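Enquirer: A single structure is presented below for examination.
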Amino acid sequence: MIGATRGIQAQDHAAKTRADRASTKREAKRVASINEKKPASLKPAKEERLSIKVLALFTRQMSMLLRSGSGLVPAIQSIAKQMSKPAQKDLLNNVAEDLEEGVSLTESFKKHPRTFDSVFCAIVAAGEAGAMLPQMFERLAAIVGKQRAMRNKIGGAMAYPILLIFMCIHIILGLMLFVMPRFADMFVQLDVEIPASTQFMLSSGKFISEHWAILLGCILACGAGIAWVVISKKGRQWLADFQLSIPIVGKLRSKLIQGSVFRTLGLLLQSKVGLLDSIALIRGATSNSAFQKMFKDLEDSVTSGGSISYALEASGIVEPYLCQAVRTGEECGNIDGALLFAADMLDESNTEAVDVVARLIEPIILLGMGVVVGAVCLSLFIPMFDMTSAM
């Protein structure tokens with residue numbers, strides 16, 4: 001009897017063990033299946049990015065759809081269908097999947113920092129907290145729209161000068177590599193005395209044709225150096241400090257940064273973000289040492305109960321009339337409105353300044369092209385004049 005009981009217990013134990021193993025296998029398969037279907041939002045964010053043009057369209061459409069009563073997920077999915085690039089569709093679909101899983105919109109945006117920076121996320125967070133997402137997206141559309149307009153303005157102003165520079169380089173290379181060598185053989189056959197300038201051009205063209213691989217390597221090395229400056233932290237810091245030291249261009253760059261800082265700070269305050277938090281967020285606008293010191297002084301002034309306008313004035317970066325506008329806003333309790341007013345004034349000034357710089361650059365480049373191409377042509381024709389006069 002006891003033996004039979006023990007046999008039954010052993011069979012029960014074996015059956016239980018087999019059931020546990022089967023359950024473990026089923027659980028493993030379920031976990032593997034979940035991992036295989038893991039949302040694409042967990043992919044590295046560095047592979048996904050929305051351009052400023054697409055981001056401007058996204059914020060404008062989100063404001064419109066949310067004001068029309070659409071839910072967050074349907075609105076984002078609707079915009080994702082309009083994206084032309086798979087990476088852009090994936091990014092927005094990942095955000096929609098996060099929302100369906102209960103993740104907040106702000107936390108989902110933070111997974112993609114290359115597209116949605118800290119200021120963007122802070123304004124969205126303020127909208128979620130105050131149930132004012134349509135208004136927040138409208139304000140974000142204003143920020144991104146201003147940034148895009150200014151970039152397009154600068155790009156359009158610099159397109160023609162850059163085209164002139166490339167044309168000048170191609171003309172000079174064509175003369176030095178193909179035209180002058182043909183005349184050089186004729187000068188040698190006719191025993192014509194070659195001037196120093198012509199000899200220099202001939203020697204330069206010969207050096208370029210014989211050592212083009214070395215020169216190409218030097219150009220690639222320079223390109224790599226520029227890429228390092230743009231990508232590396234130390235390089236960006238050096239570039240940010242160097243930009244403001246360039247005559248004319250440095251002053252324009254400073255005003256562009258000020259316009260971005262004032263508009264962002266004004267919109268953050270308008271979105272009910274705390275003043276100290278807003279100042280901390282705008283630190284990412286630039287890594288320039290002078291502006292970083294100004295941000296530090298602003299934090300110290302606010303912490304000690306001081307005035308923003310006096311800290312701006314003490315920095316020596318901001319124009320006095322802008323500091324006075326901010327001071328008036330502080331006295332009237334409308335600091336956010338004063339900052340946005342100052343940003344609008346800077347935008348108008350910057351637009352005019354970009355036009356002036358573009359108008360100055362074009363004739364300078366044309367003059368330089370004329371001098372260089374004229375020197376090359378004179379180096380070519382002077383020996384021919386000497387040859388005809390000798391005949």
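Letters A, B, ... go to the chains of the structure tokens in the order shown; residues in each chain start at 1; ligands are counted from 1 in the same order.
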Could you tell me, as a ChimeraX atom specification, which residues of segment 143-380 of chain A DSSP assigns to alpha helix (DSSP H) when given the backbone?
Expert: /A:143-174,180-189,196-210,212-231,233-243,249-270,275-282,289-303,308-315,320-332,335-380
Enquirer: Name the residues in contact with Phe120 of chain A at a cut-off of 12 Å, using only C-alpha atoms, excluding same-chain residues fewer than 2 positions from it; report them as an MDAnalysis selection string.
Expert: chainID A and resid 55:56 59 105:107 109:110 112:118 122:127 136:144 264:265 267:268 271 273 278 281:282 284
Enquirer: Restrict the selected residues to N, CA and C atoms and save them as a short mmCIF file (atom, residue, chain, number, x, y, z; two decimals), in the first residue's frame.
Expert:
data_model
loop_
_atom_site.label_atom_id
_atom_site.label_comp_id
_atom_site.auth_asym_id
_atom_site.auth_seq_id
_atom_site.Cartn_x
_atom_site.Cartn_y
_atom_site.Cartn_z
N LEU A 55 9.36 69.17 -39.72
CA LEU A 55 8.96 69.49 -38.35
C LEU A 55 7.99 70.66 -38.32
N ALA A 56 8.22 71.67 -39.17
CA ALA A 56 7.30 72.80 -39.25
C ALA A 56 5.92 72.34 -39.72
N THR A 59 4.20 70.29 -36.73
CA THR A 59 3.64 71.11 -35.65
C THR A 59 2.40 71.87 -36.12
N LEU A 105 3.11 61.92 -24.28
CA LEU A 105 3.65 62.47 -25.53
C LEU A 105 5.04 63.05 -25.29
N THR A 106 5.24 63.69 -24.15
CA THR A 106 6.55 64.28 -23.85
C THR A 106 7.62 63.20 -23.74
N GLU A 107 7.34 62.13 -23.01
CA GLU A 107 8.33 61.05 -22.86
C GLU A 107 8.62 60.38 -24.19
N PHE A 109 8.49 61.87 -27.16
CA PHE A 109 9.32 62.81 -27.92
C PHE A 109 10.77 62.78 -27.43
N LYS A 110 10.95 62.58 -26.12
CA LYS A 110 12.30 62.57 -25.57
C LYS A 110 13.14 61.40 -26.09
N HIS A 112 13.51 60.78 -29.08
CA HIS A 112 14.04 61.22 -30.38
C HIS A 112 14.62 62.63 -30.23
N PRO A 113 15.72 62.78 -29.48
CA PRO A 113 16.26 64.12 -29.19
C PRO A 113 16.81 64.85 -30.40
N ARG A 114 17.15 64.12 -31.46
CA ARG A 114 17.67 64.80 -32.65
C ARG A 114 16.57 65.57 -33.37
N THR A 115 15.32 65.19 -33.16
CA THR A 115 14.19 65.89 -33.77
C THR A 115 13.52 66.82 -32.77
N PHE A 116 13.24 66.31 -31.58
CA PHE A 116 12.53 67.09 -30.57
C PHE A 116 13.51 67.45 -29.45
N ASP A 117 13.98 68.69 -29.45
CA ASP A 117 14.97 69.10 -28.46
C ASP A 117 14.30 69.38 -27.11
N SER A 118 15.11 69.81 -26.14
CA SER A 118 14.61 69.99 -24.78
C SER A 118 13.55 71.09 -24.70
N ALA A 122 9.73 70.60 -23.47
CA ALA A 122 9.25 71.38 -22.33
C ALA A 122 7.91 72.05 -22.65
N ILE A 123 7.78 72.58 -23.85
CA ILE A 123 6.52 73.23 -24.23
C ILE A 123 5.41 72.20 -24.36
N VAL A 124 5.72 71.02 -24.90
CA VAL A 124 4.73 69.96 -25.00
C VAL A 124 4.31 69.50 -23.60
N ALA A 125 5.28 69.38 -22.69
CA ALA A 125 4.97 68.98 -21.32
C ALA A 125 4.04 69.99 -20.65
N ALA A 126 4.29 71.29 -20.89
CA ALA A 126 3.41 72.32 -20.34
C ALA A 126 2.01 72.20 -20.92
N GLY A 127 1.92 71.86 -22.21
CA GLY A 127 0.61 71.68 -22.84
C GLY A 127 -0.13 70.49 -22.28
N MET A 136 -0.18 74.85 -27.53
CA MET A 136 1.26 74.65 -27.44
C MET A 136 1.87 74.30 -28.81
N PHE A 137 1.15 73.47 -29.57
CA PHE A 137 1.64 73.14 -30.90
C PHE A 137 1.59 74.35 -31.83
N GLU A 138 0.63 75.23 -31.59
CA GLU A 138 0.58 76.46 -32.37
C GLU A 138 1.80 77.34 -32.07
N ARG A 139 2.18 77.39 -30.81
CA ARG A 139 3.37 78.16 -30.45
C ARG A 139 4.64 77.51 -30.98
N LEU A 140 4.68 76.19 -30.92
CA LEU A 140 5.83 75.48 -31.48
C LEU A 140 5.92 75.71 -32.99
N ALA A 141 4.78 75.76 -33.65
CA ALA A 141 4.78 76.04 -35.08
C ALA A 141 5.37 77.42 -35.35
N ALA A 142 5.10 78.37 -34.46
CA ALA A 142 5.67 79.72 -34.62
C ALA A 142 7.19 79.69 -34.47
N ILE A 143 7.70 78.94 -33.46
CA ILE A 143 9.15 78.85 -33.26
C ILE A 143 9.82 78.20 -34.46
N VAL A 144 9.33 77.02 -34.84
CA VAL A 144 9.96 76.28 -35.94
C VAL A 144 9.81 77.05 -37.25
N THR A 264 12.32 81.95 -27.81
CA THR A 264 12.14 80.71 -27.06
C THR A 264 11.83 80.97 -25.60
N LEU A 265 12.57 81.91 -24.99
CA LEU A 265 12.33 82.23 -23.58
C LEU A 265 10.94 82.82 -23.39
N LEU A 267 8.23 82.31 -25.26
CA LEU A 267 7.21 81.27 -25.44
C LEU A 267 7.20 80.28 -24.29
N LEU A 268 8.37 80.00 -23.71
CA LEU A 268 8.41 79.11 -22.54
C LEU A 268 7.68 79.75 -21.35
N SER A 271 4.10 79.69 -21.82
CA SER A 271 3.58 78.34 -21.64
C SER A 271 3.60 77.91 -20.17
N VAL A 273 6.09 77.75 -18.09
CA VAL A 273 7.31 77.10 -17.62
C VAL A 273 8.02 78.08 -16.70
N SER A 278 13.21 77.81 -17.66
CA SER A 278 13.28 78.34 -19.03
C SER A 278 14.71 78.76 -19.38
N LEU A 281 16.76 75.78 -20.08
CA LEU A 281 16.46 75.17 -21.37
C LEU A 281 17.09 75.92 -22.54
N ILE A 282 17.15 77.26 -22.47
CA ILE A 282 17.68 78.02 -23.59
C ILE A 282 19.21 77.97 -23.66
N GLY A 284 20.82 75.54 -24.48
CA GLY A 284 21.15 74.74 -25.66
C GLY A 284 21.09 75.51 -26.96
#
Enquirer: Rounded to one decimal, what separation in Å do you get between atom CA of Tyr321 of chain A and atom CA of Ile308 of chain A?
Expert: 14.1 Å
Enquirer: Do a neighbour search on Cys323 of chain A at 8 Å with only C-alpha atoms, toss out local chain neighbours closer than 3 positions, and write the hits as a list in words.
Expert: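 Here the qualifying residues turn out to be Ser309, Tyr310, Leu312, Glu313, Val318, Glu319, Pro320, Val326 and Arg327 of chain A.
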Enquirer: Can you spit out the residues from that selection as a PDB file, in the first residue's frame, using N, CA and C atoms?
Expert:
ATOM      1  N   SER A 309      16.647  92.231 -17.047  1.00  0.00           N
ATOM      2  CA  SER A 309      17.105  93.274 -17.965  1.00  0.00           C
ATOM      3  C   SER A 309      18.493  93.779 -17.588  1.00  0.00           C
ATOM      4  N   TYR A 310      18.771  93.909 -16.286  1.00  0.00           N
ATOM      5  CA  TYR A 310      20.098  94.388 -15.870  1.00  0.00           C
ATOM      6  C   TYR A 310      21.168  93.345 -16.170  1.00  0.00           C
ATOM      7  N   LEU A 312      21.029  91.245 -18.667  1.00  0.00           N
ATOM      8  CA  LEU A 312      21.219  91.315 -20.119  1.00  0.00           C
ATOM      9  C   LEU A 312      22.094  92.509 -20.492  1.00  0.00           C
ATOM     10  N   GLU A 313      21.838  93.636 -19.833  1.00  0.00           N
ATOM     11  CA  GLU A 313      22.611  94.841 -20.127  1.00  0.00           C
ATOM     12  C   GLU A 313      24.064  94.684 -19.705  1.00  0.00           C
ATOM     13  N   VAL A 318      23.631  92.253 -25.630  1.00  0.00           N
ATOM     14  CA  VAL A 318      22.310  92.705 -26.061  1.00  0.00           C
ATOM     15  C   VAL A 318      22.304  94.226 -26.196  1.00  0.00           C
ATOM     16  N   GLU A 319      21.656  94.699 -27.259  1.00  0.00           N
ATOM     17  CA  GLU A 319      21.558  96.140 -27.513  1.00  0.00           C
ATOM     18  C   GLU A 319      20.751  96.822 -26.401  1.00  0.00           C
ATOM     19  N   PRO A 320      21.106  98.083 -26.071  1.00  0.00           N
ATOM     20  CA  PRO A 320      20.403  98.783 -24.978  1.00  0.00           C
ATOM     21  C   PRO A 320      18.898  98.912 -25.192  1.00  0.00           C
ATOM     22  N   VAL A 326      12.774  94.881 -22.387  1.00  0.00           N
ATOM     23  CA  VAL A 326      12.614  93.824 -21.386  1.00  0.00           C
ATOM     24  C   VAL A 326      12.356  94.435 -20.008  1.00  0.00           C
ATOM     25  N   ARG A 327      13.048  95.516 -19.698  1.00  0.00           N
ATOM     26  CA  ARG A 327      12.854  96.180 -18.398  1.00  0.00           C
ATOM     27  C   ARG A 327      11.429  96.687 -18.268  1.00  0.00           C
TER      28      ARG A 327
END
Enquirer: Just want the 10 Å neighbourhood of Ala285 of chain A, counted on only C-alpha atoms, with same-chain residues fewer than 6 positions away dropped. Output as a list of chain:residue names.
Expert: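 The residues that qualify are A:Val119, A:Ile257, A:Gln258, A:Ser260, A:Val261, A:Thr264, A:Phe291, A:Gln292.
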